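Asks: A single structure is presented below for examination.
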Amino acid sequence: MKLKIALVQESPFFFDKEKTIKKVEKLTAHYAKEGSQLIVFPESFIPGYPRGFTFGATIGSRTKEGRELFSEYYKNSIDCSGEDLQRLEKLSKSQNIYLVIGITEKDELSGSLYCSMAYISPESGLLGVHRKIKPTGTERIVWGEAGGEFLVTFNTKIGKLGGLICWENYMPLARMAMYRKGVEIYMAPTADARDEWISTMKHIALEGRCFVLGCNQFFTKSMYPEKYKALVQDEPEIMCRGGSIIVSPLGKVIAGPLFDKPGVLTTEIDLDEVSQSKLDFDVIGHYARHDIFKLDILDQPEITDE
């Protein structure tokens, strides 16, 4: 089966949920019109990855200003049981396109935020949400850790979808949690714009024998609203170079990497390449040693059929 996909390397309207959702709507409509069947947005595209922010937190103390900034971030984050999600579902349905979009998700009950990836189908609406199981470094100030129940995968009309966010992809057992569900299209939204990240994307494609969609933002300091610029005054002008990339199940780069400018990577993939790639290597099949190794992932759900 052949499938046209689009990876968005753009910037959000930072900390402005309404304007960013409108941008998502515009981009989705454009690339759906061009024939894309799946469109992927970067990590925390809504309402933006808070690069360079400290939220006034140091070991042993927090500031009033930092708490106020967190509250603003919370207000502009996505409630997956509310109207924001309904708008994205309506968008997916109206454009007949699958959406995988990085969001900061708020839990209205607990008051916590999570770095999440929402999977939305044009027919079924929200398929489910993957929450990052291990925020990296000082991300832990604002994002909570999720459990195994958020290691989700989906069997859809465009293939088996799954994936991990940013440096979760350096966790071997988290990757195996995706592979063992037979993921064919592996999403890897990220905020990592290093050259070294490209090697990670190639490795995952080869290891999992899957298509890997590495999607990042392009973001400059000038894009921050004026009221936030003092918080990042010591940062370089180009704060995130991008580096979005699409890799085949044999580790070949199909599109990208796209560095140092905004844009959208579009290409056609053929899911038959997944089965072809498993002639000589299948990490959960004939190349596995189930007589030696056993992996037990607590609470991981079964692959969900659309």
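The way I read the labels, and the way they are meant: chains A, B, ... in the order of the structure tokens, residue 1 as the first residue of every chain, and ligand 1 as the first ligand shown, with later ones counted on from there.
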Can you pull out every residue within 9 Å of Tyr186 of chain A, counting only C-alpha atoms, but drop anything in the same chain fewer than 3 positions away, and send it as a PyMOL selection string?
Replies: chain A and resi 160-164+178+183+204-205+208+210-214
Asks: Please, which residues of segment 106-169 of chain A, numbered as in this document, come out strand (DSSP E or B) from DSSP, as a list in words?
Replies: Lys106, Leu113, Tyr114, Cys115, Ser116, Met117, Ala118, Tyr119, Ile120, Ser121, Gly125, Leu126, Leu127, Gly128, Val129, His130, Arg131, Phe154, Asn155, Thr156, Gly159, Lys160, Leu161, Gly162 and Gly163 of chain A
Asks: Those residues you just picked out, can you put them in a file as a compact mmCIF listing (two decimals), in the first residue's frame with N, CA and C atoms?
Replies:
```
# COMPACT_ATOMS: atom_id res chain seq x y z
N LYS A 106 -3.07 18.89 29.21
CA LYS A 106 -3.36 19.15 30.62
C LYS A 106 -4.39 18.16 31.15
N LEU A 113 0.66 18.67 33.71
CA LEU A 113 0.87 18.76 32.27
C LEU A 113 1.70 17.57 31.81
N TYR A 114 1.47 17.14 30.56
CA TYR A 114 2.22 16.04 29.97
C TYR A 114 2.62 16.41 28.55
N CYS A 115 3.79 15.97 28.16
CA CYS A 115 4.22 16.09 26.76
C CYS A 115 3.62 14.90 26.03
N SER A 116 2.71 15.17 25.11
CA SER A 116 1.90 14.10 24.53
C SER A 116 1.90 14.14 23.00
N MET A 117 1.47 13.02 22.44
CA MET A 117 1.30 12.88 21.00
C MET A 117 -0.10 12.30 20.77
N ALA A 118 -0.95 13.08 20.10
CA ALA A 118 -2.34 12.66 19.86
C ALA A 118 -2.48 12.08 18.47
N TYR A 119 -3.13 10.92 18.39
CA TYR A 119 -3.40 10.24 17.12
C TYR A 119 -4.87 10.43 16.78
N ILE A 120 -5.16 11.03 15.63
CA ILE A 120 -6.54 11.36 15.27
C ILE A 120 -6.85 10.80 13.88
N SER A 121 -7.96 10.08 13.80
CA SER A 121 -8.41 9.45 12.57
C SER A 121 -9.57 10.21 11.96
N GLY A 125 -12.03 9.62 14.94
CA GLY A 125 -11.66 10.68 15.87
C GLY A 125 -10.39 10.33 16.63
N LEU A 126 -10.33 10.71 17.89
CA LEU A 126 -9.14 10.44 18.69
C LEU A 126 -8.96 8.94 18.91
N LEU A 127 -7.87 8.40 18.37
CA LEU A 127 -7.57 6.99 18.58
C LEU A 127 -6.96 6.77 19.96
N GLY A 128 -6.16 7.74 20.39
CA GLY A 128 -5.51 7.64 21.69
C GLY A 128 -4.37 8.62 21.80
N VAL A 129 -3.75 8.65 22.97
CA VAL A 129 -2.69 9.60 23.27
C VAL A 129 -1.50 8.86 23.86
N HIS A 130 -0.32 9.18 23.34
CA HIS A 130 0.91 8.74 24.00
C HIS A 130 1.44 9.90 24.82
N ARG A 131 1.63 9.67 26.12
CA ARG A 131 2.28 10.64 26.99
C ARG A 131 3.73 10.23 27.20
N PHE A 154 -1.60 1.69 17.15
CA PHE A 154 -2.90 1.65 16.49
C PHE A 154 -2.80 0.98 15.13
N ASN A 155 -3.73 0.06 14.89
CA ASN A 155 -3.84 -0.61 13.60
C ASN A 155 -4.89 0.14 12.79
N THR A 156 -4.46 0.92 11.80
CA THR A 156 -5.37 1.80 11.06
C THR A 156 -5.40 1.41 9.58
N GLY A 159 -1.99 1.76 7.99
CA GLY A 159 -0.88 1.01 8.57
C GLY A 159 -0.89 1.03 10.09
N LYS A 160 0.06 0.31 10.66
CA LYS A 160 0.19 0.24 12.12
C LYS A 160 1.04 1.41 12.60
N LEU A 161 0.44 2.28 13.43
CA LEU A 161 1.08 3.51 13.87
C LEU A 161 1.51 3.41 15.33
N GLY A 162 2.64 4.01 15.63
CA GLY A 162 3.13 4.10 17.00
C GLY A 162 4.30 5.05 17.04
N GLY A 163 4.96 5.12 18.19
CA GLY A 163 6.14 5.97 18.27
C GLY A 163 6.41 6.51 19.65
```
Asks: Pick from A:Pro236, A:Gly48, A:Gly182, A:Pro42: nearest to Thr104 of chain A, with only C-alpha atoms counted?
Replies: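 Nearest candidate to Thr104 of chain A out of A:Pro236, A:Gly48, A:Gly182, A:Pro42: A:Gly48.
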Asks: Tell me which protein, DNA and RNA residues are within 7 Å of Asn216 of chain A, counting only C-alpha atoms, leaving out same-chain ones fewer than 2 positions away, and put them as a list of chain:residue names.
Replies: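 Non-adjacent residues within range: A:Gln9, A:Pro42, A:Glu43, A:Pro189, A:Thr190, A:Ala191, A:Gly214, A:Phe218, A:Gly242, A:Gly243, A:Ser244.
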Asks: May I have the residues within 9 Å of segment 259-272 of chain A as a short mmCIF file (atom, residue, chain, number, x, y, z; two decimals) with N, CA and C atoms, in the first residue's frame, using only C-alpha atoms and disregarding those fewer than 2 positions away in the same chain?
Replies:
```cif
data_model
loop_
_atom_site.label_atom_id
_atom_site.label_comp_id
_atom_site.auth_asym_id
_atom_site.auth_seq_id
_atom_site.Cartn_x
_atom_site.Cartn_y
_atom_site.Cartn_z
N MET A 1 0.84 -1.19 0.00
CA MET A 1 0.00 0.00 0.00
C MET A 1 0.87 1.24 0.00
N LYS A 2 0.56 2.18 -0.89
CA LYS A 2 1.30 3.43 -0.96
C LYS A 2 0.54 4.52 -0.22
N LEU A 3 1.32 5.42 0.39
CA LEU A 3 0.75 6.41 1.29
C LEU A 3 1.54 7.71 1.15
N LYS A 4 0.85 8.83 0.97
CA LYS A 4 1.51 10.13 0.92
C LYS A 4 1.46 10.76 2.30
N ILE A 5 2.63 11.23 2.78
CA ILE A 5 2.73 11.79 4.12
C ILE A 5 3.36 13.18 4.07
N ALA A 6 3.10 13.95 5.12
CA ALA A 6 3.67 15.30 5.24
C ALA A 6 4.13 15.51 6.67
N LEU A 7 5.37 16.00 6.83
CA LEU A 7 5.93 16.34 8.14
C LEU A 7 6.10 17.85 8.20
N VAL A 8 5.48 18.47 9.20
CA VAL A 8 5.48 19.92 9.32
C VAL A 8 6.66 20.39 10.16
N GLN A 9 7.53 21.21 9.56
CA GLN A 9 8.62 21.84 10.30
C GLN A 9 8.37 23.35 10.31
N GLU A 10 7.45 23.72 11.17
CA GLU A 10 7.05 25.12 11.29
C GLU A 10 7.13 25.52 12.77
N SER A 11 6.78 26.76 13.06
CA SER A 11 6.73 27.25 14.43
C SER A 11 5.29 27.52 14.83
N TYR A 31 -2.19 20.69 2.82
CA TYR A 31 -1.50 19.46 2.44
C TYR A 31 -2.47 18.30 2.20
N SER A 36 -1.97 14.47 0.67
CA SER A 36 -1.41 13.78 1.84
C SER A 36 -2.52 13.07 2.61
N ILE A 158 -4.23 3.07 7.27
CA ILE A 158 -3.00 3.49 6.61
C ILE A 158 -1.77 2.80 7.20
N GLY A 159 -1.99 1.76 7.99
CA GLY A 159 -0.88 1.01 8.57
C GLY A 159 -0.89 1.03 10.09
N GLU A 184 4.56 -0.15 11.88
CA GLU A 184 5.06 0.04 10.52
C GLU A 184 5.46 1.49 10.24
N ILE A 185 4.74 2.43 10.85
CA ILE A 185 5.05 3.85 10.72
C ILE A 185 5.30 4.39 12.12
N ALA A 193 17.66 19.06 17.63
CA ALA A 193 18.07 19.51 16.30
C ALA A 193 19.55 19.23 16.02
N CYS A 210 10.93 -0.37 10.13
CA CYS A 210 9.74 0.45 9.99
C CYS A 210 10.11 1.79 9.36
N PHE A 211 9.12 2.48 8.84
CA PHE A 211 9.34 3.85 8.41
C PHE A 211 9.42 4.74 9.65
N GLN A 217 10.53 21.27 15.05
CA GLN A 217 10.18 22.65 14.75
C GLN A 217 11.40 23.39 14.22
N PHE A 218 11.15 24.44 13.45
CA PHE A 218 12.16 25.47 13.22
C PHE A 218 11.73 26.67 14.03
N PHE A 219 12.62 27.15 14.92
CA PHE A 219 12.20 28.21 15.84
C PHE A 219 13.36 29.17 16.10
N ILE A 238 18.88 31.45 16.30
CA ILE A 238 18.24 30.20 15.87
C ILE A 238 18.26 29.24 17.05
N CYS A 240 16.19 26.49 17.41
CA CYS A 240 15.98 25.11 16.99
C CYS A 240 16.11 25.06 15.47
N ARG A 241 17.09 24.31 14.97
CA ARG A 241 17.40 24.26 13.54
C ARG A 241 16.46 23.37 12.75
N GLY A 242 15.68 22.56 13.44
CA GLY A 242 14.82 21.62 12.73
C GLY A 242 15.49 20.27 12.57
N GLY A 243 15.58 19.80 11.33
CA GLY A 243 16.19 18.49 11.07
C GLY A 243 15.17 17.40 10.81
N SER A 244 13.95 17.77 10.43
CA SER A 244 12.92 16.76 10.14
C SER A 244 13.41 15.82 9.05
N ILE A 245 13.01 14.55 9.17
CA ILE A 245 13.56 13.52 8.28
C ILE A 245 12.60 12.35 8.16
N ILE A 246 12.61 11.68 7.02
CA ILE A 246 11.83 10.47 6.80
C ILE A 246 12.80 9.38 6.35
N SER A 248 13.51 5.09 5.54
CA SER A 248 12.88 3.83 5.13
C SER A 248 13.24 2.70 6.09
N ILE A 254 14.70 9.08 2.90
CA ILE A 254 13.78 9.32 1.79
C ILE A 254 13.58 10.81 1.56
N ALA A 255 13.50 11.57 2.66
CA ALA A 255 13.31 13.01 2.57
C ALA A 255 14.00 13.68 3.75
N GLY A 256 14.61 14.86 3.48
CA GLY A 256 15.35 15.56 4.51
C GLY A 256 16.77 15.05 4.63
N PRO A 257 17.45 15.39 5.72
CA PRO A 257 16.95 16.25 6.80
C PRO A 257 16.86 17.71 6.37
N VAL A 274 8.09 -2.59 4.28
CA VAL A 274 8.24 -3.10 5.65
C VAL A 274 8.42 -4.61 5.63
N SER A 275 7.54 -5.31 4.94
CA SER A 275 7.67 -6.78 4.89
C SER A 275 8.90 -7.18 4.11
N GLN A 276 9.26 -6.46 3.05
CA GLN A 276 10.46 -6.78 2.28
C GLN A 276 11.71 -6.68 3.16
N SER A 277 11.74 -5.70 4.05
CA SER A 277 12.92 -5.47 4.89
C SER A 277 13.15 -6.58 5.90
#
```
Asks: Quick one: of A:Leu231, A:Leu295, A:Cys215, A:Val247, who's nearest to Gly52 of chain A, counting only C-alpha atoms?
Replies: A:Leu231
Asks: Considering only C-alpha atoms, can you say which of A:Ser112, A:Ser77, A:Thr136, A:Thr153 comes closest to Arg180 of chain A?
Replies: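 Closest candidate: A:Thr153.
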Asks: Using only C-alpha atoms, find the one residue out of A:Gln86, A:Asn96, A:Ser81, A:Asn169 that sits nearest to Leu109 of chain A.
Replies: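 Selected residue with least distance to Leu109 of chain A: A:Ser81.
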Asks: Write out as an MDAnalysis selection string which residues come within 6 Å of Gly148 of chain A when counting only C-alpha atoms, dropping same-chain ones fewer than 3 positions away.
Replies: chainID A and resid 151 298:300
Asks: Got time to write the residues from that selection, C-alpha atoms, as a CSV table (one decimal), in the first residue's frame?
Replies:
```
chain,number,residue,atom,x,y,z
A,151,LEU,CA,2.6,3.2,25.3
A,298,LEU,CA,3.6,-3.2,32.7
A,299,ASP,CA,0.2,-2.0,31.6
A,300,GLN,CA,1.0,-1.6,27.9
```
Asks: Mind pulling up the distance from atom CA of Glu72 of chain A to atom CA of Glu226 of chain A?
Replies: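 Going from atom CA of Glu226 of chain A over to atom CA of Glu72 of chain A covers 15.2 Å.
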Asks: Mind giving me the straight-line distance from atom CA of Glu123 of chain A to atom CA of Val100 of chain A in Å, one decimal?
Replies: 14.2 Å
Asks: Quick one: residues within 8 Å of Gly56 of chain A, only C-alpha atoms, excluding same-chain residues fewer than 4 positions away - as a list in words?
Replies: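 Non-adjacent residues within range: Arg62, Thr63, Lys64, Glu65, Gly66 and Arg67 of chain A.
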Asks: What would the file look like if the residues just selected were written as a PDB file, in the first residue's frame with N, CA and C atoms?
Replies:
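selection_5.pdb, written as the output of this step:
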```
ATOM      1  N   ARG A  62      11.250  28.140  44.106  1.00  0.00           N
ATOM      2  CA  ARG A  62      10.509  28.538  42.914  1.00  0.00           C
ATOM      3  C   ARG A  62      10.069  29.980  43.075  1.00  0.00           C
ATOM      4  N   THR A  63       9.932  30.704  41.970  1.00  0.00           N
ATOM      5  CA  THR A  63       9.546  32.102  42.050  1.00  0.00           C
ATOM      6  C   THR A  63       8.067  32.286  41.730  1.00  0.00           C
ATOM      7  N   LYS A  64       7.513  33.404  42.189  1.00  0.00           N
ATOM      8  CA  LYS A  64       6.128  33.760  41.888  1.00  0.00           C
ATOM      9  C   LYS A  64       5.952  33.927  40.379  1.00  0.00           C
ATOM     10  N   GLU A  65       6.917  34.552  39.722  1.00  0.00           N
ATOM     11  CA  GLU A  65       6.843  34.764  38.282  1.00  0.00           C
ATOM     12  C   GLU A  65       6.852  33.435  37.526  1.00  0.00           C
ATOM     13  N   GLY A  66       7.636  32.491  38.018  1.00  0.00           N
ATOM     14  CA  GLY A  66       7.678  31.176  37.393  1.00  0.00           C
ATOM     15  C   GLY A  66       6.352  30.440  37.520  1.00  0.00           C
ATOM     16  N   ARG A  67       5.717  30.560  38.657  1.00  0.00           N
ATOM     17  CA  ARG A  67       4.410  29.930  38.862  1.00  0.00           C
ATOM     18  C   ARG A  67       3.366  30.561  37.934  1.00  0.00           C
TER      19      ARG A  67
END
```
Asks: Return the single residue from A:Gly137, A:Pro50, A:Gly111, A:Pro172 that is closest to Tyr74 of chain A, with distances computed using only C-alpha atoms.
Replies: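 For Tyr74 of chain A, the nearest of the candidates is A:Gly111.
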Asks: How many Å separate atom CA of Lys294 of chain A from atom CA of Arg209 of chain A?
Replies: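 Those two atoms sit 20.2 Å apart.
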Asks: Can you tell me which residues surround Leu88 of chain A at a distance of at most 12 Å, considering only C-alpha atoms, apart from same-chain residues fewer than 5 positions away, and format the answer as a PyMOL selection string?
Replies: chain A and resi 18+20-26+28-29+46+78-83+93-101+103+118-122+125-126
Asks: Could the residues in this selection be written to a file with N, CA and C atoms, as an mmCIF file, in the first residue's frame?
Replies:
```cif
data_model
loop_
_atom_site.group_PDB
_atom_site.id
_atom_site.type_symbol
_atom_site.label_atom_id
_atom_site.label_comp_id
_atom_site.auth_asym_id
_atom_site.auth_seq_id
_atom_site.Cartn_x
_atom_site.Cartn_y
_atom_site.Cartn_z
ATOM 1 N N GLU A 18 -5.125 29.285 20.570
ATOM 2 C CA GLU A 18 -6.115 29.582 19.538
ATOM 3 C C GLU A 18 -5.442 29.855 18.184
ATOM 4 N N THR A 20 -2.477 28.996 17.245
ATOM 5 C CA THR A 20 -1.744 27.820 16.781
ATOM 6 C C THR A 20 -2.686 26.783 16.181
ATOM 7 N N ILE A 21 -3.840 26.572 16.790
ATOM 8 C CA ILE A 21 -4.811 25.636 16.215
ATOM 9 C C ILE A 21 -5.262 26.122 14.840
ATOM 10 N N LYS A 22 -5.453 27.415 14.690
ATOM 11 C CA LYS A 22 -5.818 27.961 13.379
ATOM 12 C C LYS A 22 -4.716 27.695 12.354
ATOM 13 N N LYS A 23 -3.464 27.784 12.785
ATOM 14 C CA LYS A 23 -2.354 27.481 11.880
ATOM 15 C C LYS A 23 -2.358 26.002 11.508
ATOM 16 N N VAL A 24 -2.625 25.138 12.471
ATOM 17 C CA VAL A 24 -2.743 23.704 12.201
ATOM 18 C C VAL A 24 -3.848 23.451 11.178
ATOM 19 N N GLU A 25 -4.958 24.128 11.345
ATOM 20 C CA GLU A 25 -6.087 23.960 10.417
ATOM 21 C C GLU A 25 -5.694 24.373 9.003
ATOM 22 N N LYS A 26 -4.995 25.490 8.880
ATOM 23 C CA LYS A 26 -4.597 25.995 7.563
ATOM 24 C C LYS A 26 -3.601 25.060 6.889
ATOM 25 N N THR A 28 -3.063 21.868 7.536
ATOM 26 C CA THR A 28 -3.686 20.574 7.259
ATOM 27 C C THR A 28 -4.534 20.641 5.997
ATOM 28 N N ALA A 29 -5.326 21.684 5.865
ATOM 29 C CA ALA A 29 -6.180 21.829 4.679
ATOM 30 C C ALA A 29 -5.328 21.904 3.409
ATOM 31 N N ILE A 46 1.471 22.474 19.979
ATOM 32 C CA ILE A 46 0.469 23.267 20.692
ATOM 33 C C ILE A 46 0.716 23.114 22.188
ATOM 34 N N ILE A 78 -3.670 21.626 25.912
ATOM 35 C CA ILE A 78 -4.824 20.939 25.336
ATOM 36 C C ILE A 78 -5.472 19.988 26.347
ATOM 37 N N ASP A 79 -6.780 20.120 26.485
ATOM 38 C CA ASP A 79 -7.582 19.174 27.262
ATOM 39 C C ASP A 79 -8.186 18.186 26.274
ATOM 40 N N CYS A 80 -7.742 16.928 26.345
ATOM 41 C CA CYS A 80 -8.183 15.933 25.360
ATOM 42 C C CYS A 80 -9.620 15.460 25.576
ATOM 43 N N SER A 81 -10.287 16.025 26.543
ATOM 44 C CA SER A 81 -11.710 15.719 26.717
ATOM 45 C C SER A 81 -12.573 16.933 26.414
ATOM 46 N N GLY A 82 -11.955 17.972 25.841
ATOM 47 C CA GLY A 82 -12.682 19.218 25.661
ATOM 48 C C GLY A 82 -12.818 19.671 24.220
ATOM 49 N N GLU A 83 -13.150 20.944 24.048
ATOM 50 C CA GLU A 83 -13.439 21.513 22.744
ATOM 51 C C GLU A 83 -12.222 21.565 21.824
ATOM 52 N N LYS A 93 -11.578 14.925 10.133
ATOM 53 C CA LYS A 93 -12.700 14.372 9.380
ATOM 54 C C LYS A 93 -12.993 15.184 8.129
ATOM 55 N N SER A 94 -13.003 16.505 8.248
ATOM 56 C CA SER A 94 -13.359 17.357 7.113
ATOM 57 C C SER A 94 -12.329 17.280 5.994
ATOM 58 N N GLN A 95 -11.070 17.043 6.355
ATOM 59 C CA GLN A 95 -10.004 16.970 5.357
ATOM 60 C C GLN A 95 -9.653 15.534 4.989
ATOM 61 N N ASN A 96 -10.322 14.577 5.628
ATOM 62 C CA ASN A 96 -10.082 13.151 5.374
ATOM 63 C C ASN A 96 -8.597 12.817 5.480
ATOM 64 N N ILE A 97 -8.017 13.183 6.611
ATOM 65 C CA ILE A 97 -6.581 12.999 6.799
ATOM 66 C C ILE A 97 -6.301 12.564 8.234
ATOM 67 N N TYR A 98 -5.336 11.663 8.411
ATOM 68 C CA TYR A 98 -4.880 11.280 9.740
ATOM 69 C C TYR A 98 -3.938 12.356 10.268
ATOM 70 N N LEU A 99 -4.129 12.726 11.540
ATOM 71 C CA LEU A 99 -3.278 13.708 12.191
ATOM 72 C C LEU A 99 -2.540 13.056 13.349
ATOM 73 N N VAL A 100 -1.232 13.303 13.417
ATOM 74 C CA VAL A 100 -0.457 12.962 14.608
ATOM 75 C C VAL A 100 0.207 14.264 15.042
ATOM 76 N N ILE A 101 -0.163 14.733 16.214
ATOM 77 C CA ILE A 101 0.245 16.088 16.588
ATOM 78 C C ILE A 101 0.781 16.141 18.013
ATOM 79 N N ILE A 103 1.435 17.780 21.445
ATOM 80 C CA ILE A 103 0.730 18.750 22.280
ATOM 81 C C ILE A 103 1.297 18.722 23.698
ATOM 82 N N ALA A 118 -0.952 13.080 20.098
ATOM 83 C CA ALA A 118 -2.336 12.661 19.864
ATOM 84 C C ALA A 118 -2.481 12.076 18.469
ATOM 85 N N TYR A 119 -3.129 10.917 18.387
ATOM 86 C CA TYR A 119 -3.397 10.242 17.116
ATOM 87 C C TYR A 119 -4.872 10.431 16.782
ATOM 88 N N ILE A 120 -5.157 11.033 15.632
ATOM 89 C CA ILE A 120 -6.537 11.365 15.267
ATOM 90 C C ILE A 120 -6.854 10.802 13.884
ATOM 91 N N SER A 121 -7.962 10.082 13.803
ATOM 92 C CA SER A 121 -8.409 9.446 12.571
ATOM 93 C C SER A 121 -9.569 10.209 11.963
ATOM 94 N N PRO A 122 -9.642 10.294 10.623
ATOM 95 C CA PRO A 122 -10.771 10.983 9.999
ATOM 96 C C PRO A 122 -12.100 10.277 10.218
ATOM 97 N N GLY A 125 -12.029 9.624 14.938
ATOM 98 C CA GLY A 125 -11.655 10.681 15.866
ATOM 99 C C GLY A 125 -10.389 10.328 16.631
ATOM 100 N N LEU A 126 -10.327 10.708 17.888
ATOM 101 C CA LEU A 126 -9.138 10.440 18.692
ATOM 102 C C LEU A 126 -8.964 8.945 18.911
#
```
Asks: Mind listing the helix (DSSP H, G or I) residues of segment 33-99 of chain A, per DSSP on the backbone, as a list of chain:residue names?
Replies: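 Residues of segment 33-99 of chain A classed as helix (DSSP H, G or I): A:Lys33, A:Lys64, A:Glu65, A:Gly66, A:Arg67, A:Glu68, A:Leu69, A:Phe70, A:Ser71, A:Glu72, A:Tyr73, A:Tyr74, A:Lys75, A:Glu83, A:Asp84, A:Leu85, A:Gln86, A:Arg87, A:Leu88, A:Glu89, A:Lys90, A:Leu91, A:Ser92, A:Lys93, A:Ser94, A:Gln95.
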Asks: Based on the selection just made, write C-alpha atoms of those residues as an mmCIF file, in the first residue's frame.
Replies:
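Writing the result to selection.cif gives the following:
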```cif
data_model
loop_
_atom_site.group_PDB
_atom_site.id
_atom_site.type_symbol
_atom_site.label_atom_id
_atom_site.label_comp_id
_atom_site.auth_asym_id
_atom_site.auth_seq_id
_atom_site.Cartn_x
_atom_site.Cartn_y
_atom_site.Cartn_z
ATOM 1 C CA LYS A 33 -5.594 19.187 -0.809
ATOM 2 C CA LYS A 64 6.128 33.760 41.888
ATOM 3 C CA GLU A 65 6.843 34.764 38.282
ATOM 4 C CA GLY A 66 7.678 31.176 37.393
ATOM 5 C CA ARG A 67 4.410 29.930 38.862
ATOM 6 C CA GLU A 68 2.486 32.555 36.876
ATOM 7 C CA LEU A 69 4.268 31.488 33.684
ATOM 8 C CA PHE A 70 3.393 27.856 34.358
ATOM 9 C CA SER A 71 -0.229 28.865 34.847
ATOM 10 C CA GLU A 72 -0.213 30.612 31.466
ATOM 11 C CA TYR A 73 1.300 27.523 29.857
ATOM 12 C CA TYR A 74 -1.385 25.397 31.506
ATOM 13 C CA LYS A 75 -4.202 27.599 30.227
ATOM 14 C CA GLU A 83 -13.439 21.513 22.744
ATOM 15 C CA ASP A 84 -9.830 21.804 21.569
ATOM 16 C CA LEU A 85 -9.673 18.115 20.772
ATOM 17 C CA GLN A 86 -13.083 18.255 19.129
ATOM 18 C CA ARG A 87 -11.773 20.934 16.755
ATOM 19 C CA LEU A 88 -8.857 18.718 15.755
ATOM 20 C CA GLU A 89 -11.186 15.754 15.262
ATOM 21 C CA LYS A 90 -13.456 17.871 13.072
ATOM 22 C CA LEU A 91 -10.420 19.014 11.078
ATOM 23 C CA SER A 92 -9.251 15.444 10.524
ATOM 24 C CA LYS A 93 -12.700 14.372 9.380
ATOM 25 C CA SER A 94 -13.359 17.357 7.113
ATOM 26 C CA GLN A 95 -10.004 16.970 5.357
#
```
Asks: Considering only C-alpha atoms, state which residue in the set A:Asp291, A:Asp16, A:Glu34, A:Glu145 is at the smallest distance from Ile133 of chain A.
Replies: A:Glu145
